[in-house]
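Undergrad: If it helps, the file is called final21.txt and holds compact mmCIF, C-alpha atoms:
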# COMPACT_ATOMS: atom_id res chain seq x y z
CA MET B 1 -1.37 4.56 -36.48
CA LYS B 2 -3.07 1.16 -36.84
CA ASN B 3 -1.92 -1.60 -34.51
CA LYS B 4 -0.35 0.85 -32.12
CA LYS B 5 0.27 -0.78 -28.76
CA VAL B 6 -1.39 0.35 -25.54
CA ILE B 7 -1.67 -1.10 -22.05
CA ALA B 8 -5.17 -2.13 -20.93
CA ILE B 9 -5.97 -3.02 -17.33
CA VAL B 10 -8.60 -5.73 -17.59
CA SER B 11 -10.02 -7.69 -14.65
CA GLY B 12 -12.25 -10.17 -16.45
CA GLY B 13 -15.34 -8.23 -15.45
CA LEU B 14 -17.88 -6.82 -17.87
CA ASP B 15 -16.66 -3.21 -17.91
CA SER B 16 -13.00 -3.81 -18.66
CA THR B 17 -13.78 -6.58 -21.15
CA VAL B 18 -16.04 -4.19 -23.09
CA MET B 19 -13.14 -1.71 -23.01
CA LEU B 20 -10.81 -4.36 -24.39
CA TYR B 21 -13.12 -5.00 -27.37
CA TRP B 22 -13.63 -1.25 -27.83
CA LEU B 23 -9.83 -0.74 -27.98
CA LEU B 24 -9.45 -3.54 -30.52
CA LYS B 25 -12.44 -2.85 -32.74
CA ILE B 26 -13.08 0.90 -32.44
CA LYS B 27 -9.69 2.37 -31.56
CA LYS B 28 -7.92 -0.26 -33.68
CA VAL B 29 -4.98 -0.54 -31.30
CA THR B 30 -3.29 -3.65 -29.90
CA PRO B 31 -3.78 -3.84 -26.15
CA ILE B 32 -1.27 -5.56 -23.93
CA VAL B 33 -3.54 -6.88 -21.20
CA LEU B 34 -2.58 -6.43 -17.56
CA SER B 35 -4.53 -8.06 -14.71
CA PHE B 36 -3.93 -7.99 -10.98
CA ASN B 37 -4.16 -10.67 -8.36
CA TYR B 38 -4.60 -8.79 -5.09
CA ASN B 39 -6.10 -11.75 -3.31
CA GLN B 40 -9.55 -10.47 -4.20
CA ARG B 41 -12.51 -12.56 -3.06
CA HIS B 42 -13.56 -12.82 -6.70
CA LYS B 43 -10.18 -13.74 -8.16
CA LYS B 44 -11.99 -16.28 -10.30
CA GLU B 45 -12.31 -13.26 -12.64
CA LEU B 46 -8.64 -13.77 -13.54
CA GLY B 47 -9.54 -17.07 -15.20
CA CYS B 48 -12.10 -15.18 -17.32
CA ILE B 49 -9.62 -12.66 -18.65
CA LYS B 50 -7.00 -15.36 -19.18
CA GLN B 51 -9.42 -17.13 -21.51
CA ILE B 52 -10.61 -13.96 -23.25
CA ALA B 53 -7.06 -12.66 -23.86
CA SER B 54 -5.96 -16.06 -25.14
CA GLU B 55 -8.87 -16.27 -27.59
CA LEU B 56 -8.08 -12.77 -28.83
CA LYS B 57 -4.40 -13.77 -29.10
CA LEU B 58 -3.34 -10.83 -26.94
CA GLN B 59 -0.29 -10.63 -24.72
CA HIS B 60 -1.49 -11.02 -21.12
CA LYS B 61 0.24 -10.64 -17.77
CA ILE B 62 -1.14 -11.22 -14.29
CA ILE B 63 0.68 -9.29 -11.58
CA LYS B 64 0.52 -10.32 -7.96
CA LEU B 65 0.02 -7.30 -5.72
CA PRO B 66 0.87 -7.17 -2.03
CA ILE B 67 -2.28 -5.13 -1.25
CA SER B 68 -3.91 -7.59 1.14
CA ASP B 69 -0.82 -7.28 3.35
CA ILE B 70 -1.47 -3.64 4.04
CA VAL B 71 -5.15 -3.03 3.42
CA ASN B 72 -7.42 -5.37 5.32
CA SER B 73 -10.47 -3.19 5.82
CA SER B 74 -12.18 -4.02 2.54
CA ALA B 75 -14.75 -6.77 2.20
CA LEU B 76 -13.36 -7.39 -1.29
CA ILE B 77 -10.22 -8.79 0.36
CA ASN B 78 -11.17 -9.63 3.93
CA LYS B 79 -13.51 -12.59 3.80
CA THR B 80 -14.58 -12.20 7.42
CA LYS B 81 -16.54 -9.12 6.31
CA LYS B 82 -19.95 -9.51 4.69
CA LEU B 83 -20.62 -7.97 1.32
CA PRO B 84 -23.52 -5.53 1.51
CA LYS B 85 -26.51 -6.06 -0.74
CA GLU B 86 -27.29 -2.46 -1.59
CA HIS B 87 -26.45 -0.27 -4.56
CA TYR B 88 -23.14 1.56 -4.87
CA THR B 89 -24.82 4.78 -3.92
CA HIS B 90 -25.49 3.38 -0.45
CA GLU B 91 -23.14 4.45 2.35
CA ASN B 92 -22.50 0.86 3.46
CA GLN B 93 -20.88 0.05 0.10
CA LYS B 94 -17.79 1.86 1.35
CA ILE B 95 -16.74 -1.45 2.87
CA THR B 96 -16.02 -2.68 -0.65
CA VAL B 97 -13.45 0.07 -1.25
CA VAL B 98 -9.87 -1.21 -1.48
CA ALA B 99 -7.86 1.84 -0.45
CA ASN B 100 -6.08 3.44 -3.40
CA ARG B 101 -6.35 0.22 -5.42
CA ASN B 102 -6.59 1.82 -8.82
CA MET B 103 -3.63 4.13 -8.29
CA ILE B 104 -1.49 1.14 -7.32
CA MET B 105 -2.57 -0.79 -10.42
CA LEU B 106 -2.18 2.24 -12.67
CA SER B 107 1.26 3.14 -11.34
CA ILE B 108 2.48 -0.39 -12.14
CA ALA B 109 0.82 -0.30 -15.56
CA VAL B 110 2.54 3.04 -16.24
CA ALA B 111 5.91 1.51 -15.26
CA TYR B 112 5.23 -1.34 -17.68
CA ALA B 113 4.30 1.14 -20.43
CA GLU B 114 7.39 3.26 -19.80
CA ASN B 115 9.59 0.18 -19.96
CA LEU B 116 8.08 -0.85 -23.32
CA GLY B 117 7.97 2.64 -24.85
CA ILE B 118 4.15 2.69 -24.79
CA LYS B 119 2.39 6.00 -24.20
CA LYS B 120 -1.17 5.12 -23.13
CA VAL B 121 -2.63 3.15 -20.23
CA TYR B 122 -6.39 2.45 -20.26
CA TYR B 123 -8.70 1.41 -17.45
CA ALA B 124 -12.47 1.01 -17.35
CA ALA B 125 -13.70 3.36 -14.62
CA HIS B 126 -17.29 4.45 -15.32
CA LYS B 127 -20.01 6.60 -13.88
CA ASN B 128 -21.79 3.97 -11.75
CA ASP B 129 -18.52 3.46 -9.85
CA GLU B 130 -17.90 7.05 -8.96
CA SER B 131 -20.27 7.45 -6.02
CA ILE B 132 -18.03 5.44 -3.68
CA TYR B 133 -14.88 4.61 -5.64
CA LEU B 134 -12.99 7.90 -5.54
CA ASP B 135 -10.33 6.51 -7.86
CA CYS B 136 -12.92 6.11 -10.62
CA ARG B 137 -13.79 9.81 -10.85
CA LYS B 138 -12.92 11.99 -13.80
CA LYS B 139 -11.03 14.52 -11.69
CA PHE B 140 -8.84 11.78 -10.26
CA VAL B 141 -8.04 10.37 -13.70
CA GLU B 142 -7.09 13.83 -14.98
CA GLN B 143 -4.84 14.59 -12.00
CA LEU B 144 -3.18 11.19 -12.04
CA SER B 145 -2.54 11.43 -15.76
CA LYS B 146 -0.78 14.76 -15.21
CA ALA B 147 1.41 13.07 -12.58
CA THR B 148 2.23 10.04 -14.77
CA GLN B 149 3.17 12.31 -17.67
CA LEU B 150 5.58 14.14 -15.36
CA ALA B 151 6.99 10.88 -13.96
CA THR B 152 7.91 9.23 -17.26
CA TYR B 153 10.23 10.02 -20.17
CA ASN B 154 7.53 8.76 -22.56
CA LYS B 155 4.95 11.08 -20.95
CA VAL B 156 2.64 8.12 -20.36
CA LYS B 157 -1.04 9.07 -20.12
CA VAL B 158 -3.75 7.40 -18.07
CA ILE B 159 -7.06 7.24 -19.94
CA ALA B 160 -10.49 6.17 -18.68
CA PRO B 161 -12.54 6.27 -21.90
CA PHE B 162 -15.83 5.36 -20.16
CA VAL B 163 -15.58 7.78 -17.26
CA ASN B 164 -18.67 9.67 -18.48
CA LYS B 165 -20.66 6.54 -19.35
CA TYR B 166 -22.96 4.32 -17.27
CA LYS B 167 -22.81 0.55 -17.05
CA SER B 168 -25.90 0.37 -19.26
CA ASP B 169 -23.96 2.28 -21.95
CA LEU B 170 -21.18 -0.30 -21.66
CA VAL B 171 -23.63 -3.17 -22.15
CA LYS B 172 -24.94 -1.37 -25.23
CA ILE B 173 -21.44 -0.88 -26.66
CA GLY B 174 -20.46 -4.43 -25.74
CA ASN B 175 -23.55 -5.82 -27.46
CA GLN B 176 -22.73 -3.89 -30.64
CA LEU B 177 -19.13 -5.17 -30.53
CA LYS B 178 -20.24 -8.79 -29.88
CA VAL B 179 -18.45 -9.00 -26.53
CA PRO B 180 -18.81 -12.56 -25.16
CA PHE B 181 -20.61 -11.45 -21.98
CA GLU B 182 -21.00 -15.09 -20.97
CA LYS B 183 -17.24 -15.28 -20.44
CA THR B 184 -17.09 -12.30 -18.06
CA MET B 185 -17.85 -12.23 -14.36
CA SER B 186 -18.82 -9.30 -12.19
CA CYS B 187 -20.00 -10.78 -8.86
CA TYR B 188 -17.94 -9.80 -5.83
CA GLU B 189 -18.66 -13.07 -4.04
CA GLY B 190 -16.55 -15.09 -6.45
CA ARG B 191 -18.60 -18.28 -6.21
CA LYS B 192 -19.37 -20.58 -9.15
CA LYS B 193 -22.52 -18.68 -10.11
CA ALA B 194 -23.13 -14.96 -9.60
CA CYS B 195 -24.98 -14.15 -6.36
CA GLY B 196 -27.36 -11.68 -8.00
CA LEU B 197 -27.50 -9.63 -4.80
CA CYS B 198 -24.24 -7.75 -4.36
CA ALA B 199 -24.00 -4.22 -5.77
CA THR B 200 -22.09 -5.22 -8.87
CA CYS B 201 -24.57 -8.04 -9.67
CA GLN B 202 -27.51 -5.67 -9.22
CA GLU B 203 -25.99 -3.05 -11.49
CA ARG B 204 -25.11 -5.63 -14.11
CA ILE B 205 -28.64 -7.07 -14.15
CA GLU B 206 -30.17 -3.59 -14.40
CA ALA B 207 -27.78 -2.60 -17.20
CA PHE B 208 -28.96 -5.56 -19.30
CA ILE B 209 -32.63 -4.84 -18.55
CA LYS B 210 -32.19 -1.20 -19.63
CA ASN B 211 -30.95 -2.48 -22.99
CA ASN B 212 -33.74 -5.07 -23.33
CA LEU B 213 -31.08 -7.77 -23.32
CA ILE B 214 -30.67 -10.96 -21.34
CA ASP B 215 -27.51 -11.41 -19.31
CA PRO B 216 -26.17 -14.81 -20.43
CA ILE B 217 -24.35 -15.67 -17.17
CA GLU B 218 -25.91 -17.91 -14.52
CA TYR B 219 -27.22 -16.52 -11.24
CA GLU B 220 -27.76 -18.47 -8.01
CA MET S 1 -0.54 17.33 17.75
CA LYS S 2 2.54 15.66 19.27
CA ASN S 3 3.07 12.01 18.43
CA LYS S 4 0.84 12.23 15.41
CA LYS S 5 1.42 9.29 13.12
CA VAL S 6 2.71 9.61 9.57
CA ILE S 7 4.01 7.14 6.99
CA ALA S 8 7.67 7.48 6.02
CA ILE S 9 9.18 5.65 3.07
CA VAL S 10 12.73 4.85 4.15
CA SER S 11 15.19 2.74 2.18
CA GLY S 12 18.09 2.57 4.59
CA GLY S 13 20.03 5.11 2.54
CA LEU S 14 21.37 8.39 3.87
CA ASP S 15 18.63 10.68 2.54
CA SER S 16 15.59 8.83 3.86
CA THR S 17 17.29 8.06 7.18
CA VAL S 18 17.96 11.78 7.68
CA MET S 19 14.28 12.36 6.88
CA LEU S 20 13.30 9.77 9.49
CA TYR S 21 15.30 11.57 12.20
CA TRP S 22 13.96 14.94 11.00
CA LEU S 23 10.38 13.65 11.32
CA LEU S 24 11.05 12.34 14.82
CA LYS S 25 13.14 15.19 16.22
CA ILE S 26 12.01 18.30 14.31
CA LYS S 27 8.44 17.52 13.27
CA LYS S 28 7.86 15.52 16.47
CA VAL S 29 5.67 12.96 14.74
CA THR S 30 5.74 9.16 14.97
CA PRO S 31 6.68 7.66 11.61
CA ILE S 32 5.49 4.24 10.59
CA VAL S 33 8.40 3.11 8.43
CA LEU S 34 7.74 1.51 5.08
CA SER S 35 10.52 -0.04 2.97
CA PHE S 36 10.37 -1.82 -0.37
CA ASN S 37 12.09 -4.90 -1.64
CA TYR S 38 11.96 -4.59 -5.42
CA ASN S 39 14.84 -6.97 -5.95
CA GLN S 40 17.18 -4.01 -6.07
CA ARG S 41 20.87 -4.76 -6.55
CA HIS S 42 21.54 -2.97 -3.26
CA LYS S 43 18.83 -4.63 -1.19
CA LYS S 44 21.37 -4.90 1.61
CA GLU S 45 20.00 -1.40 2.43
CA LEU S 46 16.90 -3.11 3.84
CA GLY S 47 19.02 -4.59 6.62
CA CYS S 48 20.18 -1.05 7.48
CA ILE S 49 16.68 0.33 7.89
CA LYS S 50 15.57 -2.77 9.77
CA GLN S 51 18.26 -2.08 12.36
CA ILE S 52 17.66 1.68 12.48
CA ALA S 53 13.87 1.32 12.88
CA SER S 54 14.33 -1.33 15.54
CA GLU S 55 16.71 0.87 17.55
CA LEU S 56 14.27 3.79 17.30
CA LYS S 57 11.46 1.41 18.35
CA LEU S 58 9.43 2.33 15.28
CA GLN S 59 6.88 0.14 13.54
CA HIS S 60 8.50 -1.10 10.31
CA LYS S 61 7.18 -3.00 7.32
CA ILE S 62 9.03 -4.26 4.26
CA ILE S 63 6.83 -4.73 1.22
CA LYS S 64 7.85 -6.97 -1.65
CA LEU S 65 7.13 -5.30 -4.98
CA PRO S 66 6.74 -7.14 -8.27
CA ILE S 67 8.65 -4.42 -10.15
CA SER S 68 11.47 -6.58 -11.48
CA ASP S 69 8.82 -8.69 -13.25
CA ILE S 70 7.79 -5.82 -15.47
CA VAL S 71 10.71 -3.40 -15.56
CA ASN S 72 13.99 -4.99 -16.56
CA SER S 73 15.73 -2.07 -18.24
CA SER S 74 17.26 -0.56 -15.11
CA ALA S 75 20.76 -1.39 -13.95
CA LEU S 76 19.43 -1.08 -10.39
CA ILE S 77 17.51 -4.31 -10.97
CA ASN S 78 19.11 -6.00 -13.95
CA LYS S 79 22.55 -7.20 -12.84
CA THR S 80 23.68 -7.89 -16.39
CA LYS S 81 23.88 -4.12 -16.87
CA LYS S 82 26.87 -2.17 -15.61
CA LEU S 83 26.40 0.75 -13.28
CA PRO S 84 27.86 3.93 -14.79
CA LYS S 85 30.50 5.82 -12.84
CA GLU S 86 29.42 9.36 -13.68
CA HIS S 87 27.35 11.93 -11.81
CA TYR S 88 23.55 11.97 -11.93
CA THR S 89 23.66 14.87 -14.32
CA HIS S 90 25.27 12.63 -16.94
CA GLU S 91 23.00 11.22 -19.66
CA ASN S 92 24.21 7.65 -19.09
CA GLN S 93 22.80 7.66 -15.55
CA LYS S 94 19.37 7.13 -17.10
CA ILE S 95 20.14 3.43 -16.99
CA THR S 96 19.69 3.60 -13.21
CA VAL S 97 16.09 4.82 -13.53
CA VAL S 98 13.51 2.26 -12.40
CA ALA S 99 10.43 3.30 -14.39
CA ASN S 100 7.81 4.98 -12.19
CA ARG S 101 9.31 3.41 -9.08
CA ASN S 102 8.43 6.20 -6.69
CA MET S 103 4.81 6.43 -7.80
CA ILE S 104 4.40 2.69 -7.21
CA MET S 105 5.90 2.97 -3.73
CA LEU S 106 3.94 6.10 -2.92
CA SER S 107 0.62 4.65 -4.11
CA ILE S 108 1.09 1.67 -1.80
CA ALA S 109 2.14 3.93 1.07
CA VAL S 110 -0.99 6.03 0.49
CA ALA S 111 -3.14 2.88 0.60
CA TYR S 112 -1.50 1.96 3.89
CA ALA S 113 -2.12 5.47 5.24
CA GLU S 114 -5.76 5.47 4.12
CA ASN S 115 -6.29 2.09 5.78
CA LEU S 116 -4.84 3.37 9.07
CA GLY S 117 -6.52 6.79 9.00
CA ILE S 118 -3.18 8.58 8.51
CA LYS S 119 -3.09 11.74 6.41
CA LYS S 120 0.56 12.22 5.43
CA VAL S 121 3.08 10.16 3.48
CA TYR S 122 6.71 11.35 3.39
CA TYR S 123 9.55 10.44 1.04
CA ALA S 124 13.05 11.82 0.71
CA ALA S 125 13.35 13.09 -2.87
CA HIS S 126 15.92 15.88 -3.09
CA LYS S 127 17.49 18.23 -5.58
CA ASN S 128 20.49 16.10 -6.60
CA ASP S 129 18.05 13.41 -7.75
CA GLU S 130 15.94 15.57 -9.99
CA SER S 131 18.19 15.74 -13.05
CA ILE S 132 17.39 12.16 -14.09
CA TYR S 133 14.79 10.87 -11.64
CA LEU S 134 11.61 12.54 -12.89
CA ASP S 135 9.66 11.19 -9.91
CA CYS S 136 11.82 13.21 -7.54
CA ARG S 137 10.86 16.61 -8.98
CA LYS S 138 8.77 19.15 -7.12
CA LYS S 139 6.17 19.38 -9.88
CA PHE S 140 5.64 15.62 -9.79
CA VAL S 141 5.24 15.60 -6.01
CA GLU S 142 2.67 18.40 -6.19
CA GLN S 143 0.65 16.70 -8.94
CA LEU S 144 0.75 13.30 -7.32
CA SER S 145 -0.33 14.75 -4.00
CA LYS S 146 -3.35 16.31 -5.71
CA ALA S 147 -4.22 12.89 -7.12
CA THR S 148 -3.79 11.05 -3.80
CA GLN S 149 -5.97 13.61 -2.02
CA LEU S 150 -8.68 12.96 -4.62
CA ALA S 151 -8.28 9.18 -4.37
CA THR S 152 -8.68 8.85 -0.60
CA TYR S 153 -11.41 9.60 1.93
CA ASN S 154 -8.70 10.87 4.33
CA LYS S 155 -7.33 13.19 1.64
CA VAL S 156 -3.87 11.67 2.09
CA LYS S 157 -1.05 14.03 1.09
CA VAL S 158 2.35 13.11 -0.36
CA ILE S 159 5.14 15.29 1.04
CA ALA S 160 8.78 15.49 -0.03
CA PRO S 161 10.20 17.85 2.61
CA PHE S 162 13.70 17.95 1.08
CA VAL S 163 12.67 18.50 -2.52
CA ASN S 164 14.40 21.92 -2.55
CA LYS S 165 17.49 20.75 -0.68
CA TYR S 166 20.76 19.21 -1.87
CA LYS S 167 22.40 16.08 -0.47
CA SER S 168 24.97 18.30 1.25
CA ASP S 169 22.08 20.01 3.10
CA LEU S 170 20.85 16.59 4.21
CA VAL S 171 24.28 15.68 5.58
CA LYS S 172 24.27 19.00 7.47
CA ILE S 173 20.80 18.35 8.94
CA GLY S 174 21.68 14.72 9.69
CA ASN S 175 24.85 15.78 11.48
CA GLN S 176 22.91 18.23 13.64
CA LEU S 177 20.35 15.52 14.48
CA LYS S 178 23.05 12.94 15.26
CA VAL S 179 21.94 10.55 12.54
CA PRO S 180 24.05 7.35 12.74
CA PHE S 181 25.45 7.75 9.22
CA GLU S 182 27.59 4.63 9.77
CA LYS S 183 24.42 2.53 9.79
CA THR S 184 23.17 3.80 6.42
CA MET S 185 24.20 2.66 2.96
CA SER S 186 23.95 4.50 -0.32
CA CYS S 187 26.04 2.51 -2.82
CA TYR S 188 24.09 1.06 -5.76
CA GLU S 189 26.45 -1.92 -6.09
CA GLY S 190 25.26 -3.48 -2.84
CA ARG S 191 28.56 -5.13 -1.97
CA LYS S 192 29.99 -5.36 1.55
CA LYS S 193 31.77 -2.01 1.30
CA ALA S 194 30.65 0.98 -0.77
CA CYS S 195 32.27 1.12 -4.22
CA GLY S 196 33.03 4.83 -4.03
CA LEU S 197 32.58 5.18 -7.79
CA CYS S 198 28.86 4.96 -8.62
CA ALA S 199 26.88 8.20 -8.78
CA THR S 200 25.31 7.84 -5.37
CA CYS S 201 28.70 7.10 -3.73
CA GLN S 202 30.27 10.12 -5.44
CA GLU S 203 27.47 12.42 -4.32
CA ARG S 204 27.60 11.08 -0.78
CA ILE S 205 31.36 11.59 -0.54
CA GLU S 206 31.08 15.14 -1.92
CA ALA S 207 28.23 15.99 0.44
CA PHE S 208 30.39 15.07 3.44
CA ILE S 209 33.37 17.02 2.07
CA LYS S 210 31.19 20.12 1.57
CA ASN S 211 30.32 19.93 5.27
CA ASN S 212 33.92 19.34 6.36
CA LEU S 213 32.83 15.99 7.76
CA ILE S 214 34.16 12.47 7.34
CA ASP S 215 31.81 9.81 6.05
CA PRO S 216 32.08 7.00 8.62
CA ILE S 217 31.23 4.13 6.24
CA GLU S 218 33.92 1.99 4.62
CA TYR S 219 34.78 2.30 0.93
CA GLU S 220 36.50 -0.31 -1.22
Show this structure as structure tokens.
TA:
Amino acid sequence: MKNKKVIAIVSGGLDSTVMLYWLLKIKKVTPIVLSFNYNQRHKKELGCIKQIASELKLQHKIIKLPISDIVNSSALINKTKKLPKEHYTHENQKITVVANRNMIMLSIAVAYAENLGIKKVYYAAHKNDESIYLDCRKKFVEQLSKATQLATYNKVKVIAPFVNKYKSDLVKIGNQLKVPFEKTMSCYEGRKKACGLCATCQERIEAFIKNNLIDPIEYE
Amino acid sequence: MKNKKVIAIVSGGLDSTVMLYWLLKIKKVTPIVLSFNYNQRHKKELGCIKQIASELKLQHKIIKLPISDIVNSSALINKTKKLPKEHYTHENQKITVVANRNMIMLSIAVAYAENLGIKKVYYAAHKNDESIYLDCRKKFVEQLSKATQLATYNKVKVIAPFVNKYKSDLVKIGNQLKVPFEKTMSCYEGRKKACGLCATCQERIEAFIKNNLIDPIEYE
């Protein structure tokens, strides 16, 4: 089963890039990389994954999504809203939720898989995300995967291999697999350097500290 | 609960237009109409729903979907493929399947609902569709609705009210509700007049005959 093809949704952030390396080096499959431009504030991340996929010589596709047309309540899309500086567990982080974003991405990835005769779609939801991002929870993944298997002739599955792991576990795995962390970006602000203050920056910094590692990216 | 808002996915075809009238007149809710331009061969249907929604004074949005970028195997999108002239039950009708199309549309409609605080998304899957269109089956609708309720803070449900009905039942309901059938289009070919030969034309014609009614649209 070596070199079996799968679809991997990868944003250019730390989590999904670790998943990409994990698929290549541990699962020994060939990921076709799918990224989404939904007019996110931090769409600079798409440049990161473009470079990473190119260096790994992987097929890569960026799909433009019409989400910002219909969902304007999220600070990840609507730049008139301020990004909160608390942890994900804080109520005010709800403003960073893009309604049903992952189901939209996954449903397109499943269509792509079905069209290519591929049976598995991976995305990098993990346990730090689940407090506010409902579409990162294990129950959601399981239910959606049942639906995608019913909707496709190939019985395409949705798999979130890190759904029971924390971001610090991902840094550990990534470090073992020699993931080029310096080429990833996590910050929601999307400026040249990471802000160091938004929830995703805070969690990234803490995940490195927990592993006694130094995050190689630059902070403001 | 009168005038409660719901989202209705309506293509401009007969089935979804009947559902639109049924929502307005029987369920007494106010549908926000959502249509999708996925570069379908028969995108002339979008002009039909534009007119119908305008006459009913309903809010209407057409969303452009990047499906044809990633799914090129369907004769509904790929014009180099011929549309088969058999019924939906025939194996060769599989070429008209657009992989995971309904889940993509529904996931976007659910995002729209969540953003507006609306709890119900309707689409017009019915029993004639289910032989080849897996995403029109009752089991799929039930599973997907479980997933969308988990993915949203509003617990948005997906509802296919006609999933146990045949197209002939829809013509019967539409006739009772005075649906302007002449303003709808079903033909996959998307030419000026309906071809009368593709599966959806055949089923439409038979559904009118079963009801002792005359289909008011023109056929080639």
Undergrad: Please, which residues of chain S lie no more than 9 Å from chain B when the count uses all atoms listed in the file, and can they be set out as an MDAnalysis selection string?
TA: chainID S and resid 63:67 69:73 98:116 133:137 139:153
Undergrad: In terms of the shortest atom-to-atom distance over all atoms listed in the file, which of B:Ala124, B:Leu177, B:Tyr219, B:Lys183 is closest to Lys165 of chain B?
TA: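 Selected residue with least distance to Lys165 of chain B: B:Ala124.
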Undergrad: At a cut-off of 12 Å, using only C-alpha atoms, what residues contact Lys43 of chain B? Leave out same-chain residues fewer than 3 positions from it and give the result as a PyMOL selection string.
TA: chain B and resi 11-13+35-40+46-50+62+64+76-77+185-192
Undergrad: Identify, on the basis of all atoms listed in the file, every residue whose closest approach to segment 23-30 of chain B does not exceed 12 Å; exclude the query and any residue fewer than 3 positions from it along the same chain; express the result as a VMD selection string.
TA: chain B and resid 1 to 10 16 to 20 33 53 56 to 60 118 120 to 124 159 to 162 173 to 174 176 to 179
Undergrad: What is the distance, in Å and to one decimal place, between atom CA of Ile217 of chain B and atom CA of Ile32 of chain B?
TA: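 Separation between atom CA of Ile217 of chain B and atom CA of Ile32 of chain B: 26.1 Å.
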Undergrad: Which is closer to Gln202 of chain B than all the others in B:Lys44, B:Lys85, B:Asp129, B:Ser68, using all atoms listed in the file?
TA: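 Of the candidates, the smallest distance to Gln202 of chain B is held by B:Lys85.
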Undergrad: Work out how far atom CA of Ile214 of chain B is from atom CA of Glu182 of chain B, in Å to one decimal.
TA: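 Separation between atom CA of Glu182 of chain B and atom CA of Ile214 of chain B: 10.5 Å.
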Undergrad: In Å, how far is it from atom CA of Ile209 of chain S to atom CA of Ser168 of chain S?
TA: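 A separation of 8.5 Å between them.
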Undergrad: Which residues are close to Ala75 of chain S, i.e. within 6 Å by only C-alpha atoms, leaving aside same-chain residues fewer than 3 positions away? Reply as JSON, numbers by chain.
TA: {"S": [78, 81, 95, 96]}
Undergrad: Which residues, written as a PyMOL selection string, have at least one atom at most 9 Å from His87 of chain B, with only C-alpha atoms counted and residues fewer than 6 positions away on the same chain left out?
TA: chain B and resi 93+198-200+202-203
Undergrad: Neighbouring residues of Tyr166 of chain B were defined as those with any atom within 8 Å, considering only C-alpha atoms; residues of the same chain fewer than 2 positions away were excluded. Please report them as a PyMOL selection string.
TA: chain B and resi 126-128+162+164+168-170
